[in-house]
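Trainee: First the structure, which I've put down as structure tokens, then a few questions once you've had a look.
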Amino acid sequence: MISNGMKLNTLTCHELQELIKGKKTTSSEIVKDVLEAIETNDKKVKAFVAVKPIPTDSQASSDISGIPVAIKDNICIQGQKTTCSSKILEGFSSPYDATVIEKLKNAGATIIGITNMDEFAFGSSTETSCYGATRNPWDLARVPGGSSGGSAAAVASDETILALGSDTGGSIRQPAAFCGVVGLKPTYGRVSRYGLIAFASSLDQIGPITKDVADNAILLNIIAGYDPRDSTSVDIDQPDYKKSLINDVKGMKIAIPKEYFVEGMDKEVKQALEEAIVVLKKLGANFKEVTLPHTDYAVATYYIVATAEASSNLARFDGVQYGLRATPAKTRRSFMIDMYEETRGLGFGAEAKRRLILGTYVLSAGYYDAYYLRAQKVRTLIRRDFEEVFKEFDCIITPTSPTPAFKIGEKTDDPLSMYLSDIYTISVNLAGIPALSLPCGFTKNNLPIGLQILAKPFAEETIFRVAYTYEQNTVWHKQKPKL
Amino acid sequence: MITRDDLKYVAHLARLNLSDKELENFTGQLEEILRYINKLKQVDINGIEPTSHVFPQKNIYREDQLKPSLPTKEVLKNAPSKQGDFFKVPKVIE
């Protein structure tokens with residue numbers, strides 16, 4: 001707390017840096033306020049699976065030095081338990097740091113704790129975690145979104161200043177929308193995934209979840225960059241994203257895809273989006289309706305590609321090198337295969353099993369061409385749809401999710417309806433492009449609504465500029481949940 | 001049409017032990033999900049190249065240089081069962 005009674009945990013990273021520079025506060029005071037907020041709020045929100053501050057290089061001087069960062073439970077931290085919120089990784093302690101963790105440590109950030117997630121990031125609600133569900137800080141009876149629900153809820157409830165999530169089909173943007181915070185999925189290849197436990201390797205990307213757009217640019221500055229340890233990271237110039245925090249969209253060309261305004265979109269979400277368009281038009285942006293003709297096939301394509309890759313990636317969890325091992329009865333024939341099957345049957349939850357089965361099925365003999373290869377070809381068409389639009393437009397604007405946060409338990413017995421809640425975020429991963437969600441209003445019941453901004457590969461600067469302009473001319477990001 | 005036996009077969013390929021209840025639930029759910037996914041059959045994919053990776057990157061090489069790797073002790077630290085410098089596993093062949 002500082003002299004005027006303001007709790008430091010309620011501030012943004014850039015506000016805190018000003019206070020630190022003016023010698024008005026210190027890192028340890030910030031950490032103290034954040035830990036107090038966790039102590040008070042997390043009994044209700046359950047955003048964290050472990051709280052164990054790791055102080056790092058106190059001599060480092062960067063835009064995030066001394067600032068607490070919460071880490072999703074699928075990013076490896078040396079000597080810490082990393083479990084993907086799954087029983088199968090029970091007790092696993094990472095022998096090394098992910099590249100993004102190394103970068104945070106070198107920048108002098110304080111890793112404050114590990115956040116809850118859908119098991120192996122399989123979900124849109126953070127309900128499939130082996131630790132139990134995280135709650136939405138705006139309404140504790142509702143989900144925070146997922147799979148990075150713990151990170152988004154921790155930022156929204158001021159239990160951290162910054163957070164990292166991962167996004168395979170919307171897992172940063174949809175929880176950011178549901179919790180009223182800012183979440184970015186960077187371009188595929190922008191941020192190293194070395195040390196991120198893989199879900200679907202052609203889609204996964206790590207990104208920042210923050211209280212405002214400036215903090216998001218600041219955190220991306222720290223974590224982005226080429227890494228020889230991740231062969232999918234791209235060796236390309238990295239701009240200073242703080243320079244794209246420009247309050248001006250005059251003359252920018254923004255596309256609205258007509259396929260996104262379909263049945264199933266909540267009335268209040270639609271209204272909030274229309275009002276956001278009015279705000280940006282008044283600020284001088286030009287809007288035009290466009291078509292992304294293959295949008296209707298994105299969810300089906302995604303659930304083939306993502307589950308196929310997951311079924312291969314998750315083969316490594318077999319009870320041999322780490323995690324859980326079941327001991328089968330000795331009367332059975334082949335002990336090794338029995339051990340695999342029992343370990344995996346015991347260690348994976350229902351949604352993980354469902355996806356591993358779907359992924360194995362679409363890759364199995366006789367079905368590969370009909371499902372997996374076909375989906376990869378449709379993916380090409382989805383990618384080309386975006387390429388066409390970005391020939392003429394600077395960015396695309398859509399809602400992040402067709403509805404605000406749904407109730408806990410509402411979709412758990414209906415996997416297909418859960419999958420369809422990702423309808424606006426999934427194409428972005430298939431196309432490899434960057435996209436950000438930021439708050440654009442609230443429903444009558446005081447639930448946040450998210451606006452999604454998409455741009456061509458490596459055009460995060462364009463996204464930040466449009467998002468920053470919108471944010472500076474609206475008040476949504478200043479609202480806080482009452483806990 | 002997915003049968004319970006189909007599901008059992010796929011579960012074995014995925015090295016997953018499923019309970020009777022899971023077998024029953026998943027059979028219906030997989031059927032429903034596949035019905036949804038089958039909408040991709042409407043798309044004309046003639047002459048379209050598959051996308052396995054969004055950017056045209058291939059054959060990323062590194063210099064063949066010796067670098068330190070994790071010590072054996074560290075690697076074995078998380079093993080559910082070990083003996084000496086080895087992971088210990090159940091019998092593989094009879």
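Labeling convention for the structure tokens: chains A, B, ... as they appear, residues from 1 per chain, ligands from 1 in order of appearance.
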According to DSSP computed on the backbone, where in chain B is there alpha helix (DSSP H)? Give the residues as a PyMOL selection string.
Mentor: chain B and resi 4-13+20-37+72-76
Trainee: Write out as a ChimeraX atom specification the residues lying within 12 Å of Leu35 (chain A), counting only C-alpha atoms and excluding same-chain residues fewer than 6 positions away.
Mentor: /A:1,7-9,28-29,41-42,48,50-53,68-70,110-113,154,158-161
Trainee: Go through B:Lys91, B:Lys8, B:Lys67, B:Arg35 and flag the residue nearest Glu22 (chain B), using only C-alpha atoms for the distances.
Mentor: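 Between B:Lys91, B:Lys8, B:Lys67, B:Arg35, the residue approaching Glu22 (chain B) most closely is B:Lys8.
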Trainee: Compile the residues of chain A that lie within 7 Å of chain B, evaluated using only C-alpha atoms, and express the compilation as number ranges by chain.
Mentor: A: 92-93, 95, 202, 231, 297, 300, 319-325, 334-336, 340-342, 344-345, 354, 356-358, 360-361, 373, 376-380, 416, 431-432
Trainee: Would you mind listing what lies within 12 Å of Leu19 (chain A) as a list in words, with only C-alpha atoms counted and same-chain residues fewer than 4 positions away left out?
Mentor: Met1, Ile2, Ser3, Met6, Leu8, Leu11, Thr12, Cys13, His14, Glu15, Lys23, Lys24, Thr25, Thr26, Ser27, Glu29, Ile30, Gly66 and Ile67 of chain A
Trainee: If we count only C-alpha atoms and set the cut-off at 9 Å, which residues sit around region 418-425 of chain A, ignoring sequence neighbours fewer than 5 positions away in its own chain? Please answer as a PyMOL selection string.
Mentor: chain A and resi 123-125+169-171+173-174+260+295-296+298-299+303+398-403+411-413+435+452
Trainee: Rank nothing, just name the residue among A:Asp57, A:Asp227, A:Asp394, A:Asp385 nearest to Val191 (chain A), using only C-alpha atoms.
Mentor: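 Nearest candidate to Val191 (chain A) out of A:Asp57, A:Asp227, A:Asp394, A:Asp385: A:Asp227.
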Trainee: Quick one: of A:Ala459, A:Ala200, A:Val213, A:Ile337, who's nearest to Gly359 (chain A), counting only C-alpha atoms?
Mentor: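 For Gly359 (chain A), the nearest of the given residues is A:Ala200.
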